[in-house]
Amino acid sequence: MAESCKQQQERVEETVLQPIDQWVEQQEEKCRNEPCIWWMLCLNKLVCWVVTALVKVTLWVTTVVVRWVYRIVCTVVSLIVGVLALVIGNTDILVQAVKDLWELTKDAIYTVIGVVIFAALRIVDIIQTIAQLQPAKRRLTERERGILWPIFRDSLNYNAIELVIGSAGLLSIFKGTAFTMGYTIYIQSYSEQTLVHECVHTWQFQFEGFKYIGNSALNQLDSRVFSPGYDPYDWKPHIDAGESWYTLKSGEAQASFIEDVYALGLFDEFAVPGVPVGPTPGVFFREDKSLGQNMFNVGGVDYTNQANDAWRIIRTG
């Protein structure tokens, strides 16, 4: 079976963008450790940080381009090649190309619906804020940043995130216990685990725009009206069927997967083999290969590789 454009896109991110991200991390470490040359007025350190910042911006732009432009070009090329392949009786390429086109069309629909929902709820938010019908927004605390940093690293705009803790009036009635609109997170019953879940949505917004909003809304509508047995938050059957975290069709399933890794992940220390550290929230994201390795098991099934693959994408952007 021909590989989908989204799967190809995932390979590009793994082979091109992630190595660049690793270089950025090494460069940051170099900048921190580089001694100040006094006769240059420490400009050597400034140049080092400027170069690192430029690479970060370039990486973000490249990631966004790869996620949209690559899929469009890939789909168009696949359709052309698929039609030509019919001459020799090969239908696999065309079938996959049509599926890619449908996925791309759905993403466009998700984006349009997401823009409409975002605009409508933003108006409600503004009215409720003026009328003081919802709690005031606040920024992330240092503790919350400390929880999120090992997961997202530099790929998340922490300064843009705002939290509304408690009942948010009409917004809480329509959307339930927690939801995210852009960089604003509404949480009725606060928990750090819920914060991690919702911050995956801010990450999705940062790199994919309004698509995740429409994706979430239509998947939840599908589960309640058309497919009562479908749970858009359940990642397990799809991962078990061979999908990766990146190719999960539901944005809620992606967020739930990272939330579960945060809550249930372990860390197996070499010093005490066979006795993993945990269950301590966030311990999976403890990265020190000299001390041990992380683990993620659910129901006796090992999902460590899938979790690490997801984490690499999350960290890269």
# chains A, B, ... in the order shown; residues from 1 in each chain; ligands from 1
call {"tool": "select_by_dssp", "arguments": {"residues": "region 236-301 of chain A", "states": "alpha helix (DSSP H)", "output": "mmCIF file with N, CA, C and O atoms, in the first residue's frame"}}
result
data_model
loop_
_atom_site.group_PDB
_atom_site.id
_atom_site.type_symbol
_atom_site.label_atom_id
_atom_site.label_comp_id
_atom_site.auth_asym_id
_atom_site.auth_seq_id
_atom_site.Cartn_x
_atom_site.Cartn_y
_atom_site.Cartn_z
ATOM 1 N N LYS A 236 -6.020 4.576 22.094
ATOM 2 C CA LYS A 236 -5.487 3.219 22.161
ATOM 3 C C LYS A 236 -5.842 2.342 20.956
ATOM 4 O O LYS A 236 -4.943 1.716 20.363
ATOM 5 N N PRO A 237 -7.120 2.233 20.542
ATOM 6 C CA PRO A 237 -7.422 1.335 19.408
ATOM 7 C C PRO A 237 -6.728 1.750 18.117
ATOM 8 O O PRO A 237 -6.379 0.901 17.294
ATOM 9 N N HIS A 238 -6.487 3.032 17.954
ATOM 10 C CA HIS A 238 -5.851 3.516 16.730
ATOM 11 C C HIS A 238 -4.343 3.254 16.747
ATOM 12 O O HIS A 238 -3.766 2.844 15.733
ATOM 13 N N ILE A 239 -3.719 3.458 17.898
ATOM 14 C CA ILE A 239 -2.290 3.144 18.026
ATOM 15 C C ILE A 239 -2.083 1.641 17.906
ATOM 16 O O ILE A 239 -1.138 1.171 17.251
ATOM 17 N N ASP A 240 -3.002 0.866 18.491
ATOM 18 C CA ASP A 240 -2.915 -0.596 18.397
ATOM 19 C C ASP A 240 -3.049 -1.062 16.950
ATOM 20 O O ASP A 240 -2.505 -2.100 16.564
ATOM 21 N N GLY A 251 -7.706 15.331 17.065
ATOM 22 C CA GLY A 251 -6.811 16.164 17.867
ATOM 23 C C GLY A 251 -6.974 15.900 19.348
ATOM 24 O O GLY A 251 -6.031 16.053 20.126
ATOM 25 N N GLU A 252 -8.174 15.488 19.760
ATOM 26 C CA GLU A 252 -8.409 15.155 21.171
ATOM 27 C C GLU A 252 -7.662 13.883 21.565
ATOM 28 O O GLU A 252 -7.163 13.769 22.685
ATOM 29 N N ALA A 253 -7.583 12.926 20.645
ATOM 30 C CA ALA A 253 -6.830 11.696 20.923
ATOM 31 C C ALA A 253 -5.344 12.012 21.081
ATOM 32 O O ALA A 253 -4.662 11.441 21.943
ATOM 33 N N GLN A 254 -4.831 12.929 20.267
ATOM 34 C CA GLN A 254 -3.434 13.336 20.399
ATOM 35 C C GLN A 254 -3.182 13.942 21.779
ATOM 36 O O GLN A 254 -2.191 13.603 22.450
ATOM 37 N N ALA A 255 -4.075 14.842 22.191
ATOM 38 C CA ALA A 255 -3.910 15.492 23.501
ATOM 39 C C ALA A 255 -4.044 14.483 24.636
ATOM 40 O O ALA A 255 -3.296 14.542 25.617
ATOM 41 N N SER A 256 -4.973 13.530 24.518
ATOM 42 C CA SER A 256 -5.171 12.519 25.554
ATOM 43 C C SER A 256 -3.955 11.602 25.668
ATOM 44 O O SER A 256 -3.595 11.171 26.768
ATOM 45 N N PHE A 257 -3.330 11.308 24.541
ATOM 46 C CA PHE A 257 -2.137 10.454 24.554
ATOM 47 C C PHE A 257 -1.023 11.123 25.358
ATOM 48 O O PHE A 257 -0.426 10.504 26.244
ATOM 49 N N ILE A 258 -0.737 12.392 25.079
ATOM 50 C CA ILE A 258 0.315 13.102 25.813
ATOM 51 C C ILE A 258 -0.064 13.242 27.278
ATOM 52 O O ILE A 258 0.787 13.116 28.176
ATOM 53 N N GLU A 259 -1.339 13.472 27.559
ATOM 54 C CA GLU A 259 -1.809 13.555 28.949
ATOM 55 C C GLU A 259 -1.553 12.237 29.684
ATOM 56 O O GLU A 259 -1.086 12.233 30.831
ATOM 57 N N ASP A 260 -1.845 11.117 29.029
ATOM 58 C CA ASP A 260 -1.632 9.811 29.658
ATOM 59 C C ASP A 260 -0.148 9.508 29.842
ATOM 60 O O ASP A 260 0.250 8.905 30.848
ATOM 61 N N VAL A 261 0.677 9.926 28.886
ATOM 62 C CA VAL A 261 2.124 9.741 29.042
ATOM 63 C C VAL A 261 2.608 10.534 30.249
ATOM 64 O O VAL A 261 3.425 10.055 31.043
ATOM 65 N N TYR A 262 2.084 11.738 30.410
ATOM 66 C CA TYR A 262 2.450 12.577 31.564
ATOM 67 C C TYR A 262 2.025 11.914 32.867
ATOM 68 O O TYR A 262 2.792 11.888 33.842
ATOM 69 N N ALA A 263 0.808 11.375 32.892
ATOM 70 C CA ALA A 263 0.254 10.835 34.137
ATOM 71 C C ALA A 263 0.759 9.431 34.458
ATOM 72 O O ALA A 263 0.957 9.089 35.643
ATOM 73 N N LEU A 264 0.979 8.592 33.443
ATOM 74 C CA LEU A 264 1.267 7.165 33.674
ATOM 75 C C LEU A 264 2.680 6.750 33.292
ATOM 76 O O LEU A 264 3.079 5.615 33.577
#
call {"tool": "closest_atom_pairs", "arguments": {"of": "region 196-268 of chain A", "to": "region 126-149 of chain A", "cutoff": "10 Å", "atoms": "only C-alpha atoms", "output": "CSV"}}
result
residue,atom,partner,partner_atom,distance
A:Val196,CA,A:Leu148,CA,6.9
A:Cys199,CA,A:Leu148,CA,8.2
A:Val200,CA,A:Leu148,CA,9.9
A:Tyr262,CA,A:Ile147,CA,9.6
call {"tool": "write_last_selection", "arguments": {"atoms": "all heavy atoms", "output": "PDB file, in the first residue's frame"}}
result
ATOM      1  N   VAL A 196      -1.807  19.953  30.999  1.00  0.00           N
ATOM      2  CA  VAL A 196      -0.961  19.343  29.970  1.00  0.00           C
ATOM      3  C   VAL A 196      -1.797  19.024  28.737  1.00  0.00           C
ATOM      4  O   VAL A 196      -1.392  19.312  27.601  1.00  0.00           O
ATOM      5  CB  VAL A 196      -0.287  18.062  30.513  1.00  0.00           C
ATOM      6  CG1 VAL A 196       0.378  17.286  29.380  1.00  0.00           C
ATOM      7  CG2 VAL A 196       0.749  18.415  31.583  1.00  0.00           C
ATOM      8  N   CYS A 199      -2.683  22.199  26.894  1.00  0.00           N
ATOM      9  CA  CYS A 199      -1.528  22.838  26.271  1.00  0.00           C
ATOM     10  C   CYS A 199      -1.123  22.134  24.975  1.00  0.00           C
ATOM     11  O   CYS A 199      -0.473  22.747  24.119  1.00  0.00           O
ATOM     12  CB  CYS A 199      -0.345  22.897  27.248  1.00  0.00           C
ATOM     13  SG  CYS A 199      -0.481  24.275  28.414  1.00  0.00           S
ATOM     14  N   VAL A 200      -1.503  20.871  24.833  1.00  0.00           N
ATOM     15  CA  VAL A 200      -1.302  20.212  23.532  1.00  0.00           C
ATOM     16  C   VAL A 200      -2.149  20.936  22.480  1.00  0.00           C
ATOM     17  O   VAL A 200      -1.721  21.112  21.333  1.00  0.00           O
ATOM     18  CB  VAL A 200      -1.678  18.711  23.592  1.00  0.00           C
ATOM     19  CG1 VAL A 200      -1.599  18.085  22.202  1.00  0.00           C
ATOM     20  CG2 VAL A 200      -0.753  17.972  24.548  1.00  0.00           C
ATOM     21  N   TYR A 262       2.084  11.738  30.410  1.00  0.00           N
ATOM     22  CA  TYR A 262       2.450  12.577  31.564  1.00  0.00           C
ATOM     23  C   TYR A 262       2.025  11.914  32.867  1.00  0.00           C
ATOM     24  O   TYR A 262       2.792  11.888  33.842  1.00  0.00           O
ATOM     25  CB  TYR A 262       1.791  13.949  31.430  1.00  0.00           C
ATOM     26  CG  TYR A 262       1.909  14.804  32.671  1.00  0.00           C
ATOM     27  CD1 TYR A 262       3.086  15.485  32.952  1.00  0.00           C
ATOM     28  CD2 TYR A 262       0.849  14.913  33.570  1.00  0.00           C
ATOM     29  CE1 TYR A 262       3.207  16.261  34.099  1.00  0.00           C
ATOM     30  CE2 TYR A 262       0.953  15.685  34.716  1.00  0.00           C
ATOM     31  CZ  TYR A 262       2.132  16.357  34.975  1.00  0.00           C
ATOM     32  OH  TYR A 262       2.248  17.114  36.114  1.00  0.00           O
TER      33      TYR A 262
END
call {"tool": "select_by_dssp", "arguments": {"residues": "region 67-290 of chain A", "states": "strand (DSSP E)", "output": "list in words"}}
result
Glu162, Leu163, Val164, Ile165, Ala178, Phe179, Thr180, Met181, Thr184, Ile185, Tyr186, Ile187, Leu266, Phe267, Asp268 and Glu269 of chain A
call {"tool": "atom_distance", "arguments": {"atom1": "CA of Leu54 (chain A)", "atom2": "CA of Thr111 (chain A)"}}
result
28.9 Å
call {"tool": "closest_residue", "arguments": {"among": "A:Gly166, A:Val225, A:Gly265, A:Gly282", "to": "Glu192 (chain A)", "atoms": "only C-alpha atoms"}}
result
A:Gly282
call {"tool": "residues_around", "arguments": {"residues": "Val116 (chain A)", "least_positions_apart": "4", "cutoff": "12 Å", "atoms": "only C-alpha atoms", "output": "compact mmCIF listing (two decimals) with C-alpha atoms, in the first residue's frame"}}
result
# COMPACT_ATOMS: atom_id res chain seq x y z
CA ILE A 109 -13.16 22.23 6.41
CA TYR A 110 -11.90 21.85 9.99
CA THR A 111 -10.02 25.15 9.62
CA VAL A 112 -13.02 27.09 8.31
CA ALA A 120 -18.05 33.30 18.10
CA LEU A 121 -16.57 32.14 21.41
CA ARG A 122 -14.10 35.03 21.46
CA ILE A 123 -17.03 37.47 21.27
CA MET A 181 -9.45 28.58 22.22
CA PHE A 210 -7.68 26.84 13.76
CA LYS A 211 -7.86 23.31 12.33
CA ILE A 213 -10.92 23.51 16.86
CA GLY A 214 -13.01 22.30 13.94
CA ALA A 217 -15.94 19.96 17.39
call {"tool": "atom_distance", "arguments": {"atom1": "CA of Leu221 (chain A)", "atom2": "CA of Ile113 (chain A)"}}
result
12.8 Å
call {"tool": "residues_around", "arguments": {"residues": "region 64-80 of chain A", "least_positions_apart": "4", "cutoff": "9 Å", "atoms": "only C-alpha atoms", "output": "ChimeraX atom specification"}}
result
/A:4-6,8-10,12-13,59-60,84-85,93-98,100-101,104,207-208,317
call {"tool": "atom_distance", "arguments": {"atom1": "CA of Phe205 (chain A)", "atom2": "CA of Trp235 (chain A)"}}
result
19.8 Å
call {"tool": "residues_around", "arguments": {"residues": "Trp245 (chain A)", "least_positions_apart": "2", "cutoff": "8 Å", "atoms": "only C-alpha atoms", "output": "VMD selection string"}}
result
chain A and resid 239 243 247 to 248 254 257 306 to 307 309 to 310
call {"tool": "write_last_selection", "arguments": {"atoms": "N, CA and C atoms", "output": "compact mmCIF listing (two decimals), in the first residue's frame"}}
result
# COMPACT_ATOMS: atom_id res chain seq x y z
N ILE A 239 -3.72 3.46 17.90
CA ILE A 239 -2.29 3.14 18.03
C ILE A 239 -2.08 1.64 17.91
N GLU A 243 -1.37 3.03 13.78
CA GLU A 243 -1.19 4.46 13.55
C GLU A 243 -0.13 5.01 14.50
N THR A 247 -0.33 10.66 13.15
CA THR A 247 -1.37 10.40 12.14
C THR A 247 -2.74 10.15 12.76
N LEU A 248 -2.86 10.28 14.09
CA LEU A 248 -4.18 10.15 14.71
C LEU A 248 -5.11 11.20 14.13
N GLN A 254 -4.83 12.93 20.27
CA GLN A 254 -3.43 13.34 20.40
C GLN A 254 -3.18 13.94 21.78
N PHE A 257 -3.33 11.31 24.54
CA PHE A 257 -2.14 10.45 24.55
C PHE A 257 -1.02 11.12 25.36
N GLN A 306 6.19 4.68 20.71
CA GLN A 306 5.22 5.64 20.17
C GLN A 306 5.23 6.94 20.98
N ALA A 307 5.41 6.80 22.31
CA ALA A 307 5.45 7.99 23.17
C ALA A 307 6.68 8.83 22.89
N ASP A 309 8.37 8.90 20.06
CA ASP A 309 8.20 9.50 18.73
C ASP A 309 7.31 10.75 18.82
N ALA A 310 6.23 10.65 19.61
CA ALA A 310 5.34 11.79 19.79
C ALA A 310 6.06 12.94 20.48
call {"tool": "closest_residue", "arguments": {"among": "A:Val283, A:Ile88, A:Leu170, A:Val124", "to": "Pro150 (chain A)", "atoms": "only C-alpha atoms"}}
result
A:Val283
call {"tool": "residues_around", "arguments": {"residues": "Asp288 (chain A)", "least_positions_apart": "5", "cutoff": "10 Å", "atoms": "only C-alpha atoms", "output": "ChimeraX atom specification"}}
result
/A:267,269,293-294
call {"tool": "write_last_selection", "arguments": {"atoms": "N, CA, C and O atoms", "output": "PDB file, in the first residue's frame"}}
result
ATOM      1  N   PHE A 267      10.035   5.989  34.712  1.00  0.00           N
ATOM      2  CA  PHE A 267      11.453   6.130  34.389  1.00  0.00           C
ATOM      3  C   PHE A 267      12.210   5.011  35.089  1.00  0.00           C
ATOM      4  O   PHE A 267      12.173   4.888  36.314  1.00  0.00           O
ATOM      5  N   GLU A 269      15.415   3.502  36.317  1.00  0.00           N
ATOM      6  CA  GLU A 269      16.784   3.886  36.654  1.00  0.00           C
ATOM      7  C   GLU A 269      17.718   2.687  36.576  1.00  0.00           C
ATOM      8  O   GLU A 269      17.398   1.604  37.066  1.00  0.00           O
ATOM      9  N   GLN A 293      16.089   4.955  31.539  1.00  0.00           N
ATOM     10  CA  GLN A 293      15.271   5.127  30.347  1.00  0.00           C
ATOM     11  C   GLN A 293      13.800   5.242  30.727  1.00  0.00           C
ATOM     12  O   GLN A 293      13.367   4.700  31.748  1.00  0.00           O
ATOM     13  N   ASN A 294      13.050   5.975  29.901  1.00  0.00           N
ATOM     14  CA  ASN A 294      11.630   6.143  30.194  1.00  0.00           C
ATOM     15  C   ASN A 294      10.825   4.946  29.695  1.00  0.00           C
ATOM     16  O   ASN A 294      11.276   4.180  28.844  1.00  0.00           O
TER      17      ASN A 294
END
